[in-house]
Amino acid sequence: MTGARFLVTGKVQGVFFRASARNEALKLRLRGYARNLPDGRVEVVACGDAAAVDELEQWLWQGPPAARVDDVVRHECGEDVPAGFTVS
């Protein structure tokens, strides 16, 4: 079990990025959340199998079709998140 906090930069708000990240995370059986940040980035926290977290990271570099991802910064974290994957 591992956890990571991702900060995604680019055209990532208003393009269904959070909802798409949630769908991807649920497919990978991860728990966590995705939320918009005031500076225009999206924060994604994901916990679960290490390979699944790595796979989500690869997806974050693409995002949904309307998104343009410029950068993804990963920080390992031990944040305890509840079951499921929420969007806020």
# chains A, B, ... in the order shown; residues from 1 in each chain; ligands from 1

$ select_by_dssp --residues "chain A" --states "strand (DSSP E)" --output "ChimeraX atom specification"
/A:2-11,31-36,42-48,68-76,85-87

$ select_by_dssp --residues "chain A" --states "alpha helix (DSSP H)" --output "list in words"
Phe17, Arg18, Ala19, Ser20, Ala21, Arg22, Asn23, Glu24, Ala25, Leu26, Lys27, Ala50, Ala51, Ala52, Val53, Asp54, Glu55, Leu56, Glu57, Gln58, Trp59 and Leu60 of chain A

$ residues_around --residues "Gly14 in chain A" --least-positions-apart "6" --cutoff "10 Å" --atoms "only C-alpha atoms" --output "PyMOL selection string"
chain A and resi 36+40+66-67

$ closest_residue --among "A:Arg68, A:Arg74, A:Arg35, A:Lys11" --to "Asp54 in chain A" --atoms "only C-alpha atoms"
A:Arg74

$ closest_residue --among "A:Val72, A:Val45, A:Ala34, A:Ala50" --to "Gly10 in chain A" --atoms "only C-alpha atoms"
A:Val72
